[in-house]
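Colleague: Handing over structure_20.txt, compact mmCIF, C-alpha atoms (C1' of nucleotides).
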# COMPACT_ATOMS: atom_id res chain seq x y z
CA MET A 1020 0.00 0.00 0.00
CA THR A 1021 1.39 3.30 -1.02
CA VAL A 1022 -1.30 5.84 -0.73
CA VAL A 1023 -4.47 4.41 0.59
CA GLN A 1024 -3.86 5.07 4.25
CA MET A 1025 -3.46 8.82 3.83
CA VAL A 1026 -7.05 9.17 4.88
CA ASN A 1027 -9.30 6.73 6.68
CA GLN A 1028 -11.69 5.08 4.31
CA GLU A 1029 -14.76 4.29 6.31
CA THR A 1030 -15.72 7.79 7.36
CA VAL A 1031 -16.69 9.76 4.32
CA PRO A 1032 -15.15 13.18 4.89
CA ALA A 1033 -17.12 15.29 2.44
CA ALA A 1034 -17.23 18.59 4.23
CA LEU A 1035 -20.32 20.39 3.15
CA CYS A 1036 -18.30 22.26 0.66
CA VAL A 1037 -20.03 23.10 -2.55
CA ALA A 1038 -18.26 24.23 -5.62
CA GLU A 1039 -18.20 24.50 -9.38
CA ASP A 1040 -15.93 27.53 -9.12
CA GLU A 1041 -14.39 27.98 -5.69
CA THR A 1042 -11.50 25.57 -5.13
CA HIS A 1043 -9.82 25.61 -1.76
CA PRO A 1044 -6.66 23.47 -1.71
CA ARG A 1045 -6.46 20.25 0.27
CA PRO A 1046 -4.07 19.41 3.16
CA ASP A 1047 -0.96 19.18 1.08
CA GLY A 1048 -0.53 21.87 -1.54
CA ARG A 1049 -1.06 19.57 -4.54
CA ASP A 1050 -3.92 19.82 -6.96
CA GLN A 1051 -3.44 16.41 -8.60
CA TYR A 1052 -4.94 13.25 -7.23
CA THR A 1053 -4.88 9.71 -8.55
CA ILE A 1054 -8.12 7.81 -8.75
CA SER A 1055 -7.35 5.78 -5.64
CA GLU A 1056 -6.62 8.91 -3.65
CA VAL A 1057 -9.96 10.31 -4.71
CA ALA A 1058 -11.62 7.03 -3.83
CA ALA A 1059 -10.14 7.35 -0.35
CA PHE A 1060 -11.24 10.97 -0.01
CA THR A 1061 -14.76 10.51 -1.22
CA GLY A 1062 -15.55 7.00 -0.06
CA MET A 1063 -16.58 6.14 -3.62
CA SER A 1064 -14.87 3.23 -5.33
CA ALA A 1065 -12.49 3.80 -8.23
CA HIS A 1066 -14.95 1.79 -10.32
CA THR A 1067 -17.69 4.22 -9.44
CA LEU A 1068 -15.51 7.23 -10.22
CA ARG A 1069 -14.73 5.88 -13.70
CA TRP A 1070 -18.35 5.03 -14.21
CA TYR A 1071 -19.45 8.52 -13.18
CA GLU A 1072 -17.09 9.92 -15.78
CA ARG A 1073 -18.40 7.56 -18.47
CA ILE A 1074 -22.00 8.54 -17.93
CA GLY A 1075 -21.25 12.24 -17.91
CA LEU A 1076 -21.43 12.96 -14.22
CA MET A 1077 -17.87 14.32 -14.15
CA PRO A 1078 -16.95 17.43 -16.13
CA HIS A 1079 -13.72 16.31 -17.80
CA VAL A 1080 -10.93 14.98 -15.65
CA ASP A 1081 -7.34 15.87 -16.54
CA ARG A 1082 -4.96 13.11 -17.59
CA SER A 1083 -1.25 12.60 -17.01
CA ASN A 1084 0.92 12.33 -20.12
CA THR A 1085 0.46 8.56 -19.88
CA GLY A 1086 -3.29 8.76 -19.80
CA GLN A 1087 -3.94 8.31 -16.10
CA ARG A 1088 -6.58 10.44 -14.45
CA ARG A 1089 -5.43 13.38 -12.37
CA PHE A 1090 -8.30 14.78 -10.33
CA SER A 1091 -8.17 18.42 -9.23
CA ASN A 1092 -9.54 20.12 -6.12
CA ARG A 1093 -12.40 21.33 -8.25
CA ASP A 1094 -13.19 17.74 -9.12
CA LEU A 1095 -13.08 16.84 -5.44
CA ASP A 1096 -15.50 19.60 -4.59
CA TRP A 1097 -17.82 18.51 -7.36
CA LEU A 1098 -17.68 14.93 -6.14
CA ALA A 1099 -18.47 16.03 -2.60
CA PHE A 1100 -21.57 17.73 -3.95
CA VAL A 1101 -22.48 14.71 -6.05
CA GLY A 1102 -22.10 12.61 -2.92
CA LYS A 1103 -24.61 14.81 -1.16
CA LEU A 1104 -27.03 14.58 -4.06
CA ARG A 1105 -26.68 10.83 -3.99
CA LEU A 1106 -27.57 10.84 -0.30
CA THR A 1107 -30.74 12.71 -1.10
CA GLY A 1108 -31.82 9.71 -3.16
CA MET A 1109 -31.78 11.69 -6.39
CA PRO A 1110 -31.50 9.28 -9.34
CA VAL A 1111 -28.13 9.30 -11.08
CA ALA A 1112 -29.86 10.26 -14.32
CA ASP A 1113 -31.05 13.47 -12.69
CA MET A 1114 -27.59 14.20 -11.41
CA VAL A 1115 -26.34 13.84 -14.97
CA THR A 1116 -28.99 16.31 -16.06
CA TYR A 1117 -27.77 18.70 -13.41
CA ALA A 1118 -24.17 18.25 -14.55
CA GLU A 1119 -25.21 19.00 -18.11
CA LEU A 1120 -26.95 22.17 -16.97
CA VAL A 1121 -23.82 23.28 -15.17
CA LYS A 1122 -21.77 22.64 -18.27
CA ALA A 1123 -24.24 24.60 -20.36
CA GLY A 1124 -23.44 27.77 -18.45
CA GLU A 1125 -24.99 30.46 -16.33
CA ARG A 1126 -28.21 30.78 -18.25
CA THR A 1127 -29.34 27.38 -16.93
CA GLU A 1128 -29.31 28.53 -13.33
CA PRO A 1129 -33.10 28.74 -13.07
CA GLN A 1130 -33.41 25.14 -14.18
CA ARG A 1131 -30.71 24.04 -11.77
CA LYS A 1132 -32.44 25.85 -8.97
CA ALA A 1133 -35.73 24.22 -9.88
CA LEU A 1134 -34.11 20.80 -9.92
CA LEU A 1135 -32.59 21.31 -6.50
CA GLU A 1136 -35.85 22.65 -5.13
CA ALA A 1137 -37.71 19.60 -6.40
CA THR A 1138 -35.07 17.43 -4.78
CA ARG A 1139 -35.45 19.40 -1.58
CA MET A 1140 -39.14 18.69 -1.50
CA ASP A 1141 -38.50 14.99 -2.02
CA VAL A 1142 -36.07 15.02 0.86
CA VAL A 1143 -38.50 16.81 3.17
CA GLN A 1144 -41.17 14.29 2.29
CA ARG A 1145 -38.84 11.38 2.80
CA ILE A 1146 -37.88 12.71 6.22
CA ALA A 1147 -41.56 12.92 7.14
CA GLU A 1148 -42.08 9.35 5.94
CA LEU A 1149 -39.17 8.14 7.98
CA GLN A 1150 -40.38 9.94 11.05
CA ASP A 1151 -43.71 8.27 10.54
CA THR A 1152 -42.04 4.88 10.44
CA LEU A 1153 -40.27 5.75 13.68
CA THR A 1154 -43.66 6.12 15.33
CA VAL A 1155 -44.68 2.66 14.19
CA LEU A 1156 -41.32 1.17 15.06
CA ASP A 1157 -41.41 2.65 18.55
CA TYR A 1158 -44.93 1.41 19.11
CA LYS A 1159 -43.95 -2.05 18.01
CA ILE A 1160 -40.75 -2.09 20.01
CA GLY A 1161 -42.88 -1.02 22.96
CA THR A 1162 -45.06 -4.08 22.62
CA TYR A 1163 -41.92 -6.18 22.88
CA ALA A 1164 -40.69 -4.16 25.86
CA GLY A 1165 -38.90 -6.13 28.52
CA ALA A 1166 -38.37 -9.00 26.10
CA GLU A 1167 -34.65 -8.92 26.63
CA ARG A 1168 -33.83 -12.59 26.95
CA ALA A 1169 -36.54 -15.17 27.62
CA PRO A 1170 -40.01 -13.67 27.38
CA GLU A 1171 -42.04 -16.55 28.84
CA ARG A 1172 -45.42 -15.00 28.24
CA THR A 1173 -45.72 -11.61 29.98
CA GLY A 1174 -49.45 -11.51 30.64
CA ALA A 1175 -51.82 -14.07 32.18
CA MET B 1272 -63.65 -1.49 -13.35
CA THR B 1273 -65.46 -3.42 -10.71
CA VAL B 1274 -63.68 -2.87 -7.50
CA VAL B 1275 -60.74 -0.63 -7.91
CA GLN B 1276 -62.41 2.64 -7.11
CA MET B 1277 -63.59 1.57 -3.71
CA VAL B 1278 -60.54 3.31 -2.30
CA ASN B 1279 -58.32 5.91 -3.89
CA GLN B 1280 -55.11 4.38 -5.07
CA GLU B 1281 -52.52 7.10 -4.82
CA THR B 1282 -52.70 7.74 -1.12
CA VAL B 1283 -51.56 4.67 0.72
CA PRO B 1284 -53.98 4.38 3.60
CA ALA B 1285 -52.01 2.19 5.98
CA ALA B 1286 -53.15 3.55 9.30
CA LEU B 1287 -50.39 2.96 11.76
CA CYS B 1288 -52.10 -0.18 12.78
CA VAL B 1289 -49.87 -3.01 13.74
CA ALA B 1290 -51.06 -6.53 14.10
CA GLU B 1291 -50.17 -10.20 14.10
CA ASP B 1292 -53.10 -10.88 16.39
CA GLU B 1293 -55.55 -7.97 16.70
CA THR B 1294 -57.80 -7.76 13.68
CA HIS B 1295 -60.28 -4.91 13.52
CA PRO B 1296 -62.77 -5.25 10.64
CA ARG B 1297 -62.71 -2.92 7.64
CA PRO B 1298 -65.49 -0.57 6.43
CA ASP B 1299 -67.80 -3.26 5.23
CA GLY B 1300 -68.15 -6.24 7.49
CA ARG B 1301 -66.33 -8.67 5.21
CA ASP B 1302 -63.08 -10.38 6.03
CA GLN B 1303 -62.32 -11.65 2.52
CA TYR B 1304 -60.51 -9.58 -0.04
CA THR B 1305 -59.37 -10.41 -3.53
CA ILE B 1306 -55.86 -9.62 -4.57
CA SER B 1307 -56.90 -6.56 -6.53
CA GLU B 1308 -58.83 -5.19 -3.57
CA VAL B 1309 -55.78 -5.60 -1.42
CA ALA B 1310 -53.67 -3.96 -4.09
CA ALA B 1311 -56.03 -0.98 -3.94
CA PHE B 1312 -55.93 -0.87 -0.14
CA THR B 1313 -52.21 -1.16 0.25
CA GLY B 1314 -50.95 0.59 -2.86
CA MET B 1315 -48.88 -2.48 -3.65
CA SER B 1316 -49.35 -4.17 -7.01
CA ALA B 1317 -50.97 -7.59 -7.28
CA HIS B 1318 -47.65 -8.77 -8.70
CA THR B 1319 -45.87 -7.59 -5.60
CA LEU B 1320 -48.41 -9.24 -3.32
CA ARG B 1321 -47.94 -12.60 -5.05
CA TRP B 1322 -44.20 -12.12 -4.96
CA TYR B 1323 -44.27 -11.34 -1.24
CA GLU B 1324 -46.12 -14.58 -0.67
CA ARG B 1325 -43.67 -16.55 -2.79
CA ILE B 1326 -40.66 -15.32 -0.87
CA GLY B 1327 -42.22 -15.95 2.50
CA LEU B 1328 -43.17 -12.45 3.48
CA MET B 1329 -46.86 -13.37 3.88
CA PRO B 1330 -47.93 -15.92 6.51
CA HIS B 1331 -50.27 -18.14 4.48
CA VAL B 1332 -53.10 -16.53 2.61
CA ASP B 1333 -56.44 -18.33 2.47
CA ARG B 1334 -57.77 -19.55 -0.86
CA SER B 1335 -61.26 -19.76 -2.29
CA ASN B 1336 -62.48 -23.20 -3.36
CA THR B 1337 -61.20 -22.36 -6.84
CA GLY B 1338 -57.74 -21.47 -5.64
CA GLN B 1339 -57.99 -17.70 -5.62
CA ARG B 1340 -56.43 -15.77 -2.77
CA ARG B 1341 -58.75 -14.43 -0.11
CA PHE B 1342 -56.92 -11.97 2.10
CA SER B 1343 -58.17 -11.42 5.64
CA ASN B 1344 -58.07 -8.33 7.84
CA ARG B 1345 -55.12 -9.87 9.61
CA ASP B 1346 -53.33 -10.06 6.28
CA LEU B 1347 -54.17 -6.44 5.62
CA ASP B 1348 -52.76 -5.41 8.98
CA TRP B 1349 -49.63 -7.39 8.34
CA LEU B 1350 -49.23 -5.78 4.94
CA ALA B 1351 -49.65 -2.34 6.45
CA PHE B 1352 -46.81 -3.13 8.79
CA VAL B 1353 -44.71 -4.56 5.97
CA GLY B 1354 -45.36 -1.35 4.06
CA LYS B 1355 -43.98 0.64 6.95
CA LEU B 1356 -40.93 -1.57 7.17
CA ARG B 1357 -40.40 -1.10 3.48
CA LEU B 1358 -40.51 2.66 3.97
CA THR B 1359 -37.76 2.39 6.54
CA GLY B 1360 -35.53 1.05 3.79
CA MET B 1361 -35.20 -2.33 5.47
CA PRO B 1362 -34.15 -4.93 2.87
CA VAL B 1363 -36.84 -7.40 1.90
CA ALA B 1364 -34.62 -10.24 3.05
CA ASP B 1365 -34.67 -8.82 6.57
CA MET B 1366 -38.42 -8.47 6.44
CA VAL B 1367 -38.59 -12.14 5.55
CA THR B 1368 -36.40 -12.90 8.54
CA TYR B 1369 -38.79 -10.93 10.71
CA ALA B 1370 -41.76 -12.81 9.25
CA GLU B 1371 -40.05 -16.11 10.02
CA LEU B 1372 -39.45 -15.02 13.60
CA VAL B 1373 -43.11 -14.14 13.98
CA LYS B 1374 -44.08 -17.53 12.63
CA ALA B 1375 -41.67 -19.22 15.01
CA GLY B 1376 -43.67 -17.98 18.00
CA GLU B 1377 -43.37 -15.91 21.13
CA ARG B 1378 -39.94 -17.06 22.12
CA THR B 1379 -38.43 -15.08 19.22
CA GLU B 1380 -39.64 -11.76 20.58
CA PRO B 1381 -36.20 -10.68 21.78
CA GLN B 1382 -34.79 -11.20 18.29
CA ARG B 1383 -37.69 -9.36 16.70
CA LYS B 1384 -37.21 -6.50 19.10
CA ALA B 1385 -33.51 -6.41 18.31
CA LEU B 1386 -34.22 -6.37 14.59
CA LEU B 1387 -36.63 -3.49 14.93
CA GLU B 1388 -34.24 -1.60 17.15
CA ALA B 1389 -31.47 -1.98 14.59
CA THR B 1390 -33.86 -0.75 11.94
CA ARG B 1391 -34.79 2.16 14.16
CA MET B 1392 -31.17 3.18 14.42
CA ASP B 1393 -30.78 3.01 10.67
CA VAL B 1394 -33.81 5.23 10.26
CA VAL B 1395 -32.53 7.78 12.76
CA GLN B 1396 -29.22 7.88 10.97
CA ARG B 1397 -30.86 8.21 7.60
CA ILE B 1398 -32.95 11.11 8.85
CA ALA B 1399 -29.78 12.82 10.05
CA GLU B 1400 -28.16 12.24 6.66
CA LEU B 1401 -31.14 13.68 4.89
CA GLN B 1402 -31.21 16.69 7.16
CA ASP B 1403 -27.56 17.20 6.37
CA THR B 1404 -28.31 17.15 2.65
CA LEU B 1405 -31.01 19.74 3.27
CA THR B 1406 -28.34 22.08 4.59
CA VAL B 1407 -26.29 21.68 1.44
CA LEU B 1408 -29.33 21.92 -0.79
CA ASP B 1409 -30.47 25.11 0.89
CA TYR B 1410 -27.03 26.64 0.64
CA LYS B 1411 -26.86 25.79 -3.03
CA ILE B 1412 -30.37 26.99 -3.75
CA GLY B 1413 -29.37 30.18 -1.96
CA THR B 1414 -26.52 30.74 -4.40
CA TYR B 1415 -29.06 30.55 -7.20
CA ALA B 1416 -31.43 32.88 -5.34
CA GLY B 1417 -33.36 35.25 -7.53
CA ALA B 1418 -32.57 33.18 -10.59
CA GLU B 1419 -36.20 32.83 -11.42
CA ARG B 1420 -36.14 33.46 -15.14
CA ALA B 1421 -33.10 35.08 -16.79
CA PRO B 1422 -30.19 35.37 -14.36
CA GLU B 1423 -27.92 37.73 -16.36
CA ARG B 1424 -24.97 37.54 -13.96
CA THR B 1425 -25.94 38.77 -10.49
CA GLY B 1426 -22.60 40.19 -9.33
CA ALA B 1427 -20.19 42.65 -11.01
C1' DT C 1365 15.70 -4.33 -13.84
C1' DA C 1366 12.31 -6.97 -11.92
C1' DA C 1367 8.45 -7.53 -8.79
C1' DG C 1368 4.35 -5.88 -7.41
C1' DA C 1369 1.06 -2.31 -6.86
C1' DC C 1370 -1.29 0.78 -9.66
C1' DC C 1371 -3.66 2.49 -13.77
C1' DT C 1372 -6.28 1.97 -18.48
C1' DT C 1373 -10.43 0.20 -21.46
C1' DG C 1374 -15.00 -1.90 -23.10
C1' DG C 1375 -18.02 -4.89 -21.87
C1' DA C 1376 -20.08 -8.31 -18.93
C1' DG C 1377 -21.97 -9.51 -14.36
C1' DT C 1378 -24.39 -8.63 -9.80
C1' DG C 1379 -28.04 -7.74 -6.41
C1' DC C 1380 -32.16 -5.79 -5.36
C1' DA C 1381 -37.00 -5.22 -5.82
C1' DC C 1382 -39.97 -5.66 -8.46
C1' DT C 1383 -42.61 -6.32 -13.14
C1' DC C 1384 -44.23 -8.74 -16.84
C1' DC C 1385 -45.43 -12.75 -19.86
C1' DA C 1386 -47.58 -16.92 -21.65
C1' DG C 1387 -50.82 -20.13 -21.17
C1' DG C 1388 -54.69 -21.45 -18.80
C1' DC C 1389 -58.80 -21.72 -15.36
C1' DA C 1390 -63.04 -19.40 -13.38
C1' DA C 1391 -66.89 -16.21 -12.63
C1' DG C 1392 -70.25 -12.85 -14.04
C1' DT C 1393 -73.15 -10.61 -17.98
C1' DG C 1394 -75.98 -9.57 -22.45
C1' DC D 459 -73.03 -19.47 -24.50
C1' DA D 460 -69.73 -16.31 -26.05
C1' DC D 461 -67.25 -12.56 -24.06
C1' DT D 462 -64.92 -9.92 -20.91
C1' DT D 463 -62.63 -9.59 -16.73
C1' DG D 464 -60.03 -11.42 -13.08
C1' DC D 465 -57.28 -14.77 -11.22
C1' DC D 466 -53.62 -18.59 -11.30
C1' DT D 467 -48.51 -20.38 -12.11
C1' DG D 468 -43.38 -20.63 -13.09
C1' DG D 469 -40.15 -18.32 -15.12
C1' DA D 470 -38.18 -14.57 -17.70
C1' DG D 471 -37.32 -9.58 -18.06
C1' DT D 472 -36.46 -4.73 -16.26
C1' DG D 473 -34.14 -0.72 -14.25
C1' DC D 474 -31.01 1.01 -11.24
C1' DA D 475 -26.47 1.64 -9.46
C1' DC D 476 -22.91 -0.14 -9.31
C1' DT D 477 -19.05 -3.94 -9.53
C1' DC D 478 -16.01 -6.82 -11.68
C1' DC D 479 -13.19 -8.93 -15.47
C1' DA D 480 -9.54 -9.60 -18.88
C1' DA D 481 -5.83 -7.96 -21.09
C1' DG D 482 -2.62 -4.83 -21.08
C1' DG D 483 0.27 -0.45 -19.97
C1' DT D 484 2.70 2.37 -15.96
C1' DC D 485 4.98 3.62 -11.68
C1' DT D 486 7.71 2.78 -7.54
C1' DT D 487 10.77 0.54 -4.64
C1' DA D 488 14.53 -3.05 -3.68
Render the structure in this file as C-alpha cells.

Modeller:
Amino acid sequence: MTVVQMVNQETVPAALCVAEDETHPRPDGRDQYTISEVAAFTGMSAHTLRWYERIGLMPHVDRSNTGQRRFSNRDLDWLAFVGKLRLTGMPVADMVTYAELVKAGERTEPQRKALLEATRMDVVQRIAELQDTLTVLDYKIGTYAGAERAPERTGA
Amino acid sequence: MTVVQMVNQETVPAALCVAEDETHPRPDGRDQYTISEVAAFTGMSAHTLRWYERIGLMPHVDRSNTGQRRFSNRDLDWLAFVGKLRLTGMPVADMVTYAELVKAGERTEPQRKALLEATRMDVVQRIAELQDTLTVLDYKIGTYAGAERAPERTGA
DNA sequence: TAAGACCTTGGAGTGCACTCCAGGCAAGTG
DNA sequence: CACTTGCCTGGAGTGCACTCCAAGGTCTTA
C-alpha cells in the first residue's frame, strides 16, 4: 500500500463544501490526485468514479501524459456535492442532467435551482415518511418491551 | 372497473395499525378480499403481493375453493406493517427474517425486538443524513437565489 | 531491472426489488 | 353461451447503481 492510508476510508469526509468555481486546496498543496486517492477521499470506489465519468457525471478529468486520471480540487468539490445529491436519493440520471446544466453555463441557473428545489421537497417528504415509520417502530418495540432474553409469556 | 375505485389508489392508507393478532374489521363487514382489492388498499401491485407470498413475506393466505387468494383483515394489517418496514428502507430479506421469527412464536420476541431496534437506528441515521443534505441543498439553492427566469450575472 | 502495486479500457456480471409474460382456469353478464 | 374480466402459475425480463473482469500499460521501490 502506497497511498491508501493517507485518509481513513470508512468515514466519508465530504465537508459540506459546494463548488463549481471555488476551489480551496487540500491538506498538502497539490492539486493532482490519482483515482485511488480520490476514492479514499470521497468514499466512492475507483470503479464508481470511472463510471461517473463515463456517464457524464464528471466534467472532464485531466490526464497525465500517460493517460492516467489526475483529479483536481475542483473535481473533489464537485464529487463532494455529487455525494450529497446521492444521499438525497436523487437518481443518477437526474444528477447527470444537473451536470449538463452546469456545463451549459450560467443561463441554466433557473433550471438548476428548480431541480434542487424539487429534490429538496422529495427530501422533506422522505424525512416525514421516515419519522412516521419511527412512530410505528417505537410502538412495536414497545409491545416487545422487557423482552430482553426469555419472554415466557408476559401476561396471564 | 369493478372494484378498484372503492378506495383511492394514490394515497396509501395504511393507518399505523400493527397486528399479528388484533384484527379490527374494515369498512364493510367482510373479512375476505381479492388480490386486486388488497392492491387498492395497500398501494402495492398484485404482482408484488404474489411475490411477497412466494418469498415468504406473507404468513399463508387463504384460498377460495377455486384457488384464488382471499386476504383477511389480519393479512391487511400485516401488509400495512410490511409497508412501513419497506418505507424504513429495510431490505426485503430482513423483512422475511422478521416474518419467520413471527411464525416461530413468542420465544423469538427478543430477536424481533432487536431487529426493529437496529432498523430504528438506521432510520434515525438516515434522517440525520437527509437533514444534512437539506443544509447543502439550501445553501446551493441560496446561491441561485433570484434566478427565477433570466439570471444575467448577479454580481459585477 | 524486476516484482508488485497501480492504472487503463470496453463490456459483462451482480443484487435488489420488483414487473411482466404466456398459457390457462373461473366467474359474471348480455 | 360467447365474451370480458379477473385470477392462477413458473419463469423470464427490467431498471437502477454499481461492480467486476480480462488484457494490457505504468509507476515505484529493492

Colleague: Could you work out which residues of chain A fall inside 9 Å of chain D? Count only C-alpha atoms (C1' of nucleotides), and format the result as a list in words.

Modeller: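 So the residues of chain A near chain D are His1066, Thr1067, Trp1070, Thr1085, Gln1087, Pro1110 and Val1111 of chain A.
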
Colleague: Hey, can you check how far CA of Glu1324 (chain B) sits from C1' of DG1379 (chain C)?

Modeller: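 Spanning CA of Glu1324 (chain B) to C1' of DG1379 (chain C) is a straight-line distance of 20.2 Å.
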
Colleague: CA of Ser1091 (chain A) and CA of Glu1128 (chain A) are how many Å apart?

Modeller: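 Value for the CA of Ser1091 (chain A)-CA of Glu1128 (chain A) distance: 23.8 Å.
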
Colleague: One decimal, in Å: what's the spacing between CA of Met1366 (chain B) and CA of Ala1317 (chain B)?

Modeller: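 One can read the CA of Met1366 (chain B) to CA of Ala1317 (chain B) distance as 18.6 Å.
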
Colleague: Smallest atom-to-atom distance to chain C: which of A:Leu1076, A:Gly1086, A:Leu1156, A:Tyr1071, using all atoms listed in the file?

Modeller: A:Gly1086

Colleague: Residues of chain C within 8 Å of chain A, counting only C-alpha atoms (C1' of nucleotides) - could you list those as a VMD selection string?

Modeller: chain C and resid 1369 1371 to 1372

Colleague: Could you dump the residues just selected with C-alpha atoms (C1' of nucleotides) as a PDB file, in the frame of the given file?

Modeller:
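File selection.pdb, as written:
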ATOM      1  C1'  DA C1369       1.060  -2.310  -6.860  1.00  0.00           C
ATOM      2  C1'  DC C1371      -3.660   2.490 -13.770  1.00  0.00           C
ATOM      3  C1'  DT C1372      -6.280   1.970 -18.480  1.00  0.00           C
TER       4       DT C1372
END
